[in-house]
file structure_33.cif (mmCIF, C-alpha atoms)
data_data
loop_
_atom_site.label_atom_id
_atom_site.label_comp_id
_atom_site.auth_asym_id
_atom_site.auth_seq_id
_atom_site.Cartn_x
_atom_site.Cartn_y
_atom_site.Cartn_z
CA MET X 1 113.47 53.53 257.66
CA SER X 2 112.48 53.60 253.97
CA SER X 3 108.86 53.92 252.94
CA ALA X 4 108.91 50.25 251.87
CA ASP X 5 110.14 49.26 255.33
CA SER X 6 107.52 51.37 257.04
CA ARG X 7 104.81 49.79 254.85
CA ALA X 8 106.05 46.35 255.84
CA ALA X 9 106.01 47.28 259.52
CA GLU X 10 102.45 48.52 259.22
CA SER X 11 99.93 45.88 260.28
CA ARG X 12 97.16 44.75 257.95
CA ALA X 13 94.63 46.46 260.24
CA ASP X 14 96.52 49.77 260.04
CA ARG X 15 96.79 49.52 256.25
CA PHE X 16 93.06 48.73 256.07
CA ALA X 17 92.21 51.83 258.13
CA ARG X 18 94.60 53.98 256.07
CA GLU X 19 93.16 52.81 252.75
CA LEU X 20 89.60 53.38 253.92
CA ALA X 21 90.48 56.81 255.28
CA GLY X 22 91.60 57.80 251.78
CA LEU X 23 88.45 56.44 250.18
CA LYS X 24 85.91 58.90 248.88
CA ILE X 25 82.34 57.76 249.32
CA SER X 26 80.44 58.59 246.20
CA ASP X 27 76.79 59.53 246.24
CA PRO X 28 74.93 56.25 245.63
CA ALA X 29 72.33 58.17 243.63
CA ALA X 30 74.98 59.29 241.13
CA GLY X 31 75.20 57.08 238.09
CA HIS X 32 71.89 55.46 238.88
CA PRO X 33 71.23 53.43 235.72
CA ARG X 34 67.43 53.60 235.86
CA LEU X 35 67.55 57.37 236.19
CA TRP X 36 69.79 57.65 233.12
CA GLN X 37 67.57 55.29 231.18
CA ARG X 38 64.51 57.42 231.97
CA LEU X 39 66.38 60.59 231.06
CA GLY X 40 67.31 59.04 227.70
CA GLY X 41 63.66 58.16 227.07
CA VAL X 42 62.50 61.69 227.98
CA LEU X 43 65.12 63.26 225.71
CA MET X 44 64.03 61.03 222.82
CA VAL X 45 60.38 62.03 223.20
CA LEU X 46 61.30 65.71 223.67
CA GLY X 47 63.38 65.64 220.47
CA ILE X 48 60.46 64.18 218.50
CA VAL X 49 58.07 66.80 219.94
CA LEU X 50 60.50 69.61 219.02
CA GLY X 51 60.86 68.21 215.49
CA ALA X 52 57.07 68.06 215.04
CA THR X 53 56.72 71.59 216.48
CA ALA X 54 59.39 72.88 214.11
CA TYR X 55 57.54 71.31 211.16
CA LEU X 56 54.27 72.94 212.18
CA VAL X 57 55.94 76.35 212.75
CA SER X 58 57.64 76.32 209.36
CA HIS X 59 54.49 75.06 207.60
CA ARG X 60 52.26 77.83 208.91
CA THR X 61 54.42 80.76 207.80
CA THR X 62 55.82 82.19 204.61
CA SER X 63 58.50 84.19 206.47
CA SER X 64 61.93 82.77 205.70
CA LEU X 65 63.23 84.11 209.06
CA THR X 66 60.65 82.11 211.02
CA GLN X 67 61.34 79.10 208.85
CA GLY X 68 65.06 79.52 209.67
CA ASP X 69 64.17 79.43 213.38
CA ALA X 70 62.05 76.34 212.80
CA ILE X 71 64.98 74.61 211.08
CA THR X 72 67.18 75.42 214.09
CA ILE X 73 64.54 74.04 216.48
CA GLY X 74 64.11 70.99 214.28
CA LEU X 75 67.85 70.28 214.20
CA GLY X 76 67.96 70.74 217.98
CA GLY X 77 65.14 68.19 218.25
CA VAL X 78 67.02 65.70 216.07
CA THR X 79 70.17 66.16 218.18
CA LEU X 80 68.17 65.62 221.40
CA SER X 81 66.52 62.51 219.96
CA VAL X 82 69.82 60.97 218.86
CA THR X 83 71.50 61.77 222.19
CA GLY X 84 68.49 60.46 224.14
CA ALA X 85 68.39 57.27 222.06
CA ALA X 86 72.12 56.69 222.67
CA ILE X 87 71.72 57.13 226.45
CA PHE X 88 68.61 54.95 226.53
CA LEU X 89 70.28 52.18 224.52
CA ARG X 90 73.46 52.35 226.59
CA TYR X 91 71.64 51.76 229.88
CA SER X 92 68.92 49.39 228.66
CA LEU X 93 71.46 47.24 226.77
CA THR X 94 73.70 47.08 229.86
CA GLY X 95 70.80 45.79 231.92
CA PHE X 96 69.76 43.32 229.25
CA LEU X 97 73.27 41.98 228.64
CA ARG X 98 73.88 41.60 232.37
CA PHE X 99 70.68 39.56 232.66
CA TRP X 100 71.59 37.56 229.53
CA MET X 101 75.04 36.74 230.89
CA ALA X 102 73.61 35.62 234.25
CA ARG X 103 71.07 33.45 232.41
CA GLN X 104 73.78 31.91 230.20
CA SER X 105 75.85 31.08 233.24
CA PHE X 106 72.84 29.55 235.01
CA GLU X 107 71.82 27.48 231.95
CA LEU X 108 75.39 26.22 231.49
CA ASN X 109 75.39 25.03 235.08
CA MET X 110 72.01 23.35 234.63
CA LEU X 111 73.31 21.65 231.46
CA ALA X 112 76.42 20.45 233.28
CA GLU X 113 74.29 19.08 236.10
CA ARG X 114 72.01 17.26 233.61
CA ALA X 115 75.00 15.83 231.74
CA PHE X 116 76.72 14.68 234.93
CA PRO X 117 73.95 13.85 237.38
CA GLY X 118 76.15 11.95 239.82
CA PRO X 119 79.61 12.65 241.19
CA VAL X 120 82.11 12.87 238.33
CA ARG X 121 85.50 11.23 238.60
CA THR X 122 88.46 12.84 236.93
CA ASN X 123 92.02 11.74 236.43
CA SER X 124 94.84 13.49 238.23
CA ASP X 125 95.35 15.76 235.18
CA GLY X 126 91.74 16.93 235.40
CA ARG X 127 90.43 14.96 232.40
CA LEU X 128 87.20 12.99 232.74
CA ASP X 129 87.69 9.38 233.66
CA PRO X 130 86.17 7.60 230.59
CA GLY X 131 84.60 4.88 232.68
CA ASN X 132 82.89 7.24 235.10
CA HIS X 133 80.67 9.65 233.27
CA ASN X 134 77.39 9.44 231.39
CA LEU X 135 78.44 10.89 228.03
CA THR X 136 78.08 8.45 225.14
CA LYS X 137 79.45 8.62 221.60
CA SER X 138 76.75 9.03 218.92
CA MET H 1 91.22 46.52 271.09
CA THR H 2 90.13 48.66 268.12
CA SER H 3 87.28 47.30 266.05
CA LEU H 4 87.92 46.87 262.35
CA LEU H 5 84.23 46.31 261.72
CA GLU H 6 81.46 47.86 263.74
CA LEU H 7 77.73 48.14 263.23
CA ARG H 8 75.96 50.75 265.35
CA ALA H 9 72.16 50.78 265.63
CA VAL H 10 71.88 49.50 262.09
CA ARG H 11 68.42 49.25 260.61
CA ALA H 12 67.85 47.80 257.15
CA GLY H 13 65.25 46.05 255.07
CA TYR H 14 63.91 45.05 251.70
CA ASP H 15 61.19 46.94 249.81
CA GLY H 16 60.00 48.84 252.85
CA VAL H 17 59.96 45.79 255.15
CA THR H 18 62.42 46.31 258.01
CA VAL H 19 64.55 43.23 258.66
CA LEU H 20 67.14 44.61 261.08
CA HIS H 21 65.93 46.73 263.98
CA GLY H 22 69.02 48.45 265.37
CA VAL H 23 71.83 45.90 265.37
CA ASP H 24 75.04 46.61 267.32
CA LEU H 25 78.06 44.43 266.63
CA ALA H 26 81.84 44.83 266.66
CA VAL H 27 84.73 42.69 265.40
CA ALA H 28 88.35 43.51 266.23
CA ALA H 29 91.49 42.45 264.36
CA GLY H 30 92.34 38.83 265.13
CA GLN H 31 88.92 38.17 266.63
CA VAL H 32 86.31 35.65 265.50
CA VAL H 33 82.73 36.71 266.11
CA ALA H 34 79.96 34.20 265.50
CA LEU H 35 76.59 35.61 264.49
CA LEU H 36 74.01 32.95 265.19
CA GLY H 37 70.28 32.71 264.92
CA PRO H 38 67.38 30.91 263.31
CA ASN H 39 66.31 31.20 259.68
CA GLY H 40 65.12 34.65 258.69
CA ALA H 41 66.69 36.39 261.69
CA GLY H 42 68.66 38.80 259.44
CA LYS H 43 72.12 37.21 259.68
CA THR H 44 72.89 37.26 255.96
CA THR H 45 71.53 40.79 255.66
CA THR H 46 73.91 41.87 258.44
CA LEU H 47 76.79 40.29 256.54
CA ARG H 48 75.76 41.92 253.27
CA ILE H 49 75.63 45.29 255.02
CA ALA H 50 79.12 44.76 256.41
CA ALA H 51 80.35 44.05 252.87
CA GLY H 52 78.63 47.18 251.57
CA VAL H 53 76.41 45.11 249.28
CA HIS H 54 73.16 46.06 251.02
CA PRO H 55 72.34 49.63 252.06
CA VAL H 56 71.48 50.60 255.63
CA THR H 57 68.24 52.48 256.31
CA SER H 58 69.77 54.15 259.35
CA GLY H 59 72.67 53.60 261.73
CA ARG H 60 76.39 53.42 261.07
CA LEU H 61 78.71 50.97 259.39
CA LEU H 62 82.21 51.66 260.69
CA LEU H 63 85.18 50.06 258.97
CA GLY H 64 88.61 50.86 260.34
CA GLY H 65 86.92 53.55 262.43
CA LYS H 66 85.42 55.37 259.44
CA ASP H 67 81.73 55.51 258.61
CA MET H 68 81.47 53.66 255.31
CA ALA H 69 77.69 53.44 254.91
CA GLY H 70 76.96 54.05 251.23
CA ALA H 71 80.48 53.18 250.07
CA ASN H 72 80.92 51.26 246.86
CA PRO H 73 81.31 47.53 247.68
CA ARG H 74 84.09 47.25 245.08
CA ASP H 75 86.11 49.88 246.95
CA LEU H 76 85.54 48.04 250.23
CA ALA H 77 86.61 44.75 248.62
CA ARG H 78 89.79 46.37 247.30
CA ALA H 79 90.55 47.79 250.75
CA GLY H 80 90.23 44.33 252.33
CA VAL H 81 86.62 43.42 253.08
CA CYS H 82 85.98 39.91 251.80
CA LEU H 83 82.56 38.24 251.73
CA ILE H 84 82.33 34.50 251.12
CA PRO H 85 78.66 33.96 250.40
CA GLU H 86 76.47 31.03 251.24
CA GLY H 87 76.78 28.43 248.47
CA ARG H 88 80.54 29.07 248.13
CA GLY H 89 80.44 31.15 244.93
CA VAL H 90 83.10 29.21 243.07
CA PHE H 91 82.95 28.87 239.27
CA PRO H 92 81.95 25.20 238.85
CA ASN H 93 82.98 24.91 235.20
CA LEU H 94 86.47 26.31 235.76
CA SER H 95 89.39 24.37 237.19
CA VAL H 96 90.66 25.01 240.70
CA ARG H 97 93.67 26.79 239.20
CA ASP H 98 91.48 29.03 237.02
CA ASN H 99 89.25 29.85 240.00
CA LEU H 100 92.37 31.05 241.79
CA LEU H 101 93.53 32.88 238.66
CA MET H 102 90.37 35.00 238.93
CA MET H 103 91.82 36.54 242.07
CA THR H 104 94.81 38.08 240.27
CA TYR H 105 92.65 41.19 239.84
CA THR H 106 93.90 42.10 243.30
CA GLY H 107 97.35 42.69 241.81
CA ARG H 108 98.95 39.56 243.24
CA SER H 109 100.61 37.22 240.77
CA ARG H 110 99.17 33.82 239.91
CA ALA H 111 102.32 32.10 241.20
CA GLU H 112 102.11 33.91 244.54
CA ILE H 113 98.42 33.09 244.97
CA GLU H 114 98.95 29.43 244.07
CA GLU H 115 101.96 29.11 246.37
CA VAL H 116 100.14 30.56 249.39
CA THR H 117 96.97 28.56 248.64
CA TYR H 118 98.63 25.19 248.13
CA GLN H 119 100.74 25.70 251.21
CA ARG H 120 97.62 26.20 253.32
CA PHE H 121 95.38 23.77 251.44
CA PRO H 122 97.60 21.02 249.94
CA LEU H 123 94.48 19.16 248.78
CA LEU H 124 93.66 21.98 246.36
CA GLY H 125 97.15 21.64 244.88
CA GLU H 126 96.49 17.96 244.20
CA HIS H 127 93.23 18.83 242.42
CA ALA H 128 94.49 21.98 240.68
CA ALA H 129 93.44 20.82 237.20
CA ARG H 130 90.01 19.52 238.21
CA ALA H 131 86.81 21.44 237.54
CA ALA H 132 85.67 23.08 240.77
CA GLY H 133 82.16 21.66 240.31
CA THR H 134 83.53 18.12 240.59
CA LEU H 135 85.11 18.73 244.01
CA SER H 136 83.38 17.60 247.18
CA GLY H 137 81.41 20.19 249.17
CA GLY H 138 84.23 20.56 251.72
CA GLU H 139 86.84 21.00 249.01
CA GLN H 140 84.68 23.61 247.28
CA GLN H 141 84.34 25.48 250.57
CA MET H 142 88.10 25.23 250.96
CA LEU H 143 88.49 26.74 247.48
CA ALA H 144 86.07 29.53 248.39
CA LEU H 145 88.16 30.25 251.51
CA ALA H 146 91.35 30.19 249.44
CA ARG H 147 89.88 32.63 246.93
CA GLY H 148 88.92 34.90 249.82
CA LEU H 149 92.39 34.71 251.32
CA ALA H 150 93.96 35.54 247.96
CA THR H 151 92.48 39.03 248.35
CA ASP H 152 94.61 39.55 251.50
CA PRO H 153 91.54 40.43 253.59
CA ALA H 154 91.52 42.52 256.74
CA VAL H 155 87.88 41.65 257.40
CA LEU H 156 86.58 38.22 256.43
CA LEU H 157 82.81 37.65 256.30
CA LEU H 158 81.69 34.02 256.12
CA ASP H 159 78.12 33.02 255.40
CA GLU H 160 77.00 29.53 256.48
CA LEU H 161 80.37 27.84 256.11
CA SER H 162 78.92 24.52 257.30
CA MET H 163 76.04 24.40 254.83
CA GLY H 164 75.63 20.83 253.53
CA LEU H 165 78.91 19.56 254.97
CA ALA H 166 79.74 16.67 257.27
CA PRO H 167 80.61 17.71 260.87
CA VAL H 168 84.20 16.46 260.55
CA VAL H 169 84.74 18.58 257.41
CA VAL H 170 83.17 21.60 259.11
CA SER H 171 85.46 21.29 262.11
CA ARG H 172 88.52 21.11 259.81
CA LEU H 173 87.36 24.21 257.94
CA TYR H 174 86.86 26.08 261.20
CA GLU H 175 90.42 25.20 262.22
CA HIS H 176 91.53 27.04 259.08
CA VAL H 177 89.29 29.99 259.99
CA ALA H 178 90.80 30.17 263.50
CA ASP H 179 94.26 30.11 261.93
CA ILE H 180 93.30 32.97 259.58
CA ALA H 181 92.09 35.04 262.56
CA ARG H 182 95.36 34.40 264.43
CA GLN H 183 97.09 36.23 261.58
CA GLY H 184 95.21 39.41 262.50
CA VAL H 185 92.14 39.14 260.28
CA ALA H 186 88.80 40.18 261.78
CA VAL H 187 86.37 37.32 261.10
CA LEU H 188 82.59 37.51 261.26
CA VAL H 189 80.95 34.10 260.84
CA VAL H 190 77.26 33.72 260.24
CA GLU H 191 75.97 30.29 261.21
CA GLN H 192 72.68 28.59 261.72
CA PHE H 193 74.35 25.57 263.34
CA ALA H 194 76.06 26.97 266.37
CA THR H 195 78.38 24.28 267.77
CA ALA H 196 81.21 24.46 265.23
CA ALA H 197 81.24 28.27 265.07
CA LEU H 198 81.23 28.57 268.87
CA SER H 199 84.22 26.23 269.14
CA ILE H 200 86.50 28.90 267.64
CA ALA H 201 84.59 32.12 268.39
CA ASP H 202 85.93 34.75 270.81
CA HIS H 203 82.53 36.39 270.94
CA ALA H 204 79.05 35.36 269.89
CA ALA H 205 75.87 37.26 269.15
CA VAL H 206 72.45 35.76 268.62
CA LEU H 207 70.12 37.48 266.23
CA VAL H 208 66.40 36.91 266.63
CA ARG H 209 63.91 38.70 264.37
CA GLY H 210 66.39 41.38 263.45
CA ARG H 211 67.53 42.16 267.00
CA VAL H 212 70.57 41.02 268.94
CA ALA H 213 68.84 38.95 271.58
CA LEU H 214 71.99 37.78 273.31
CA GLN H 215 75.72 38.31 273.10
CA GLY H 216 78.89 37.59 275.01
CA ARG H 217 81.72 35.12 275.34
CA PRO H 218 80.76 31.65 274.09
CA ASP H 219 80.80 30.03 277.55
CA ASP H 220 78.39 27.51 278.99
CA ALA H 221 75.94 30.19 280.15
CA LEU H 222 75.63 31.55 276.64
CA ARG H 223 75.30 28.04 275.20
CA ASN H 224 72.40 27.33 277.59
CA GLU H 225 70.70 30.61 276.76
CA LEU H 226 71.23 29.88 273.09
CA SER H 227 69.70 26.46 273.43
CA ASP H 228 66.66 28.06 275.08
CA LEU H 229 66.35 30.59 272.28
CA TYR H 230 66.54 27.92 269.61
CA MET H 231 64.34 25.35 271.27
CA GLY H 232 61.99 27.79 272.95
CA SER H 233 61.92 28.12 276.70
CA SER H 234 59.14 28.69 279.19
CA ARG H 235 61.31 31.11 281.16
#
call {"tool": "encode", "arguments": {"input": "structure_33.cif", "output": "structure tokens"}}
result
Amino acid sequence: MSSADSRAAESRADRFARELAGLKISDPAAGHPRLWQRLGGVLMVLGIVLGATAYLVSHRTTSSLTQGDAITIGLGGVTLSVTGAAIFLRYSLTGFLRFWMARQSFELNMLAERAFPGPVRTNSDGRLDPGNHNLTKS
Amino acid sequence: MTSLLELRAVRAGYDGVTVLHGVDLAVAAGQVVALLGPNGAGKTTTLRIAAGVHPVTSGRLLLGGKDMAGANPRDLARAGVCLIPEGRGVFPNLSVRDNLLMMTYTGRSRAEIEEVTYQRFPLLGEHAARAAGTLSGGEQQMLALARGLATDPAVLLLDELSMGLAPVVVSRLYEHVADIARQGVAVLVVEQFATAALSIADHAAVLVRGRVALQGRPDDALRNELSDLYMGSSR
């Protein structure tokens, strides 16, 4: 019996159990969007704090070595801020766009219901029956 | 008979409020189980847990014998768990054909899905070009069932199939459900109105305030007990 034949002989219930047996259950906490969003926010703030600290460190010394360290810290702060901002935007935009899409869909439905308050008749090809809807030409 | 879907001592809730207090339920392949009960008993929550959409607080969700609590609902859907929610969940602005086209994500071709659907529901074939929102309630429910079947489900979860439909339409829809179960699909039906669901169910469970108050074969004894639970009895 070929593998295709054996698959065909397998009942839907058996295939269901087999597919689930091979399924890895991921940790539901992993990829938690709110957690990532908060992490992005924290990184942004941390980057700004590091940048300000670097400025103060370099401003209060005449040693070029210390100022070199401050530049390194400052650049690290900028990197953290940019990375944090990217993560924050990624997860906050996802949430916003998801909400926006759901709202669009809901408003479209409301609009359709307002435009066609009663049952709508269509022809067999799916087009609106001109005598049976409430749209008027302006 | 091995259960494809089994809930063991499942507790769950929303925002710290426990809605299910240790629910036990099992559905085998080819079996129709009706989950009945009044409003707010936790029926829909039970269904959402079975689909992996709602997390359990404690207890086990066994699918195909494996504990799947915490599994991604998308993975469960791909494996063959299909939830048809209350309110049908069809896209009202899309045509019947385009609603079916949505189900090609499962890997089945559009032609195959349409062929199987129109064979089972010839009425949908006649209205293929119509917007789903312009169909009658029964036809929309039929479309929702067809979309569910297009996923080739092993476990079918139906929420309030009869909602807003005439009794004659409901009984026709339940004939389709019984036919689907005969093909080996495990069907869990949640219903507030018991008669139609009991007419095809092999087993029934009654949920009251998050607990299974009664379960067994849907015979006259269970119907009487059920009537007492719904109407309130002095016993």
call {"tool": "interface_residues", "arguments": {"input": "structure_33.cif", "of": "chain H", "to": "chain X", "cutoff": "6 Å", "atoms": "all atoms listed in the file", "output": "number ranges by chain"}}
result
H: 64, 71, 79, 129-130, 134
call {"tool": "residues_around", "arguments": {"input": "structure_33.cif", "residues": "Ser162 in chain H", "least_positions_apart": "5", "cutoff": "10 Å", "atoms": "only C-alpha atoms", "output": "list in words"}}
result
Glu86, Gly87, Gly137, Gly138, Gln141, Pro167, Val169, Val170, Ser171, Leu173, Tyr174, Val190, Glu191, Gln192, Phe193, Ala194, Ala196 and Ala197 of chain H
call {"tool": "residues_near_point", "arguments": {"input": "structure_33.cif", "point": "(79.4, 44.9, 267.7)", "cutoff": "6 Å", "atoms": "only C-alpha atoms", "output": "number ranges by chain"}}
result
H: 6-7, 24-26
call {"tool": "resolve_selection", "arguments": {"input": "structure_33.cif", "expression": "the PyMOL selection byres ((chain X and resi 57) around 12)", "output": "list in words"}}
result
Leu50, Gly51, Ala52, Thr53, Ala54, Tyr55, Leu56, Ser58, His59, Arg60, Thr61, Thr62, Ser63, Ser64, Leu65, Thr66, Gln67, Gly68, Asp69, Ala70, Ile71, Thr72, Ile73 and Gly74 of chain X
call {"tool": "resolve_selection", "arguments": {"input": "structure_33.cif", "expression": "the PyMOL selection byres ((chain H and resi 118) around 12)", "output": "MDAnalysis selection string"}}
result
chainID H and resid 96:97 100 110:117 119:128 142:143 146:147 149:150
call {"tool": "closest_residue", "arguments": {"input": "structure_33.cif", "among": "X:Gly95, X:Gly22, X:Pro33, X:Gly76", "to": "Val49 in chain X", "atoms": "all atoms listed in the file"}}
result
X:Gly76
call {"tool": "closest_residue", "arguments": {"input": "structure_33.cif", "among": "H:Gly52, H:Gly133, H:Gly216, H:Pro85", "to": "Ala69 in chain H", "atoms": "all atoms listed in the file"}}
result
H:Gly52
call {"tool": "atom_distance", "arguments": {"input": "structure_33.cif", "atom1": "CA of Glu107 in chain X", "atom2": "CA of Phe91 in chain H"}}
result
13.4 Å
call {"tool": "atom_distance", "arguments": {"input": "structure_33.cif", "atom1": "CA of Gln183 in chain H", "atom2": "CA of Ala28 in chain H"}}
result
12.3 Å
call {"tool": "residues_around", "arguments": {"input": "structure_33.cif", "residues": "Val56 in chain H", "least_positions_apart": "3", "cutoff": "7 Å", "atoms": "all atoms listed in the file", "output": "list in words"}}
result
Val10, Arg11, Ala12, Ile49, Gly59 and Ala69 of chain H
call {"tool": "atom_distance", "arguments": {"input": "structure_33.cif", "atom1": "CA of Val19 in chain H", "atom2": "CA of Gln31 in chain H"}}
result
26.1 Å
call {"tool": "resolve_selection", "arguments": {"input": "structure_33.cif", "expression": "the PyMOL selection byres ((chain H and resi 74) around 12)", "output": "ChimeraX atom specification"}}
result
/X:23,25-26 /H:51-53,70-73,75-83,105-106
call {"tool": "closest_residue", "arguments": {"input": "structure_33.cif", "among": "X:Arg34, X:Met101, X:Leu111, X:Leu75", "to": "Ile48 in chain X", "atoms": "only C-alpha atoms"}}
result
X:Leu75
call {"tool": "axis_aligned_box", "arguments": {"input": "structure_33.cif", "around": "range 96-104 of chain X", "padding_each_side": "4 Å", "output": "lines of an AutoDock Vina configuration file"}}
result
center_x = 72.4
center_y = 37.6
center_z = 231.4
size_x = 13.3
size_y = 19.4
size_z = 13.6
call {"tool": "closest_residue", "arguments": {"input": "structure_33.cif", "among": "H:Val155, H:Ala205, H:Val17, H:Ala178", "to": "Leu63 in chain H", "atoms": "all atoms listed in the file"}}
result
H:Val155
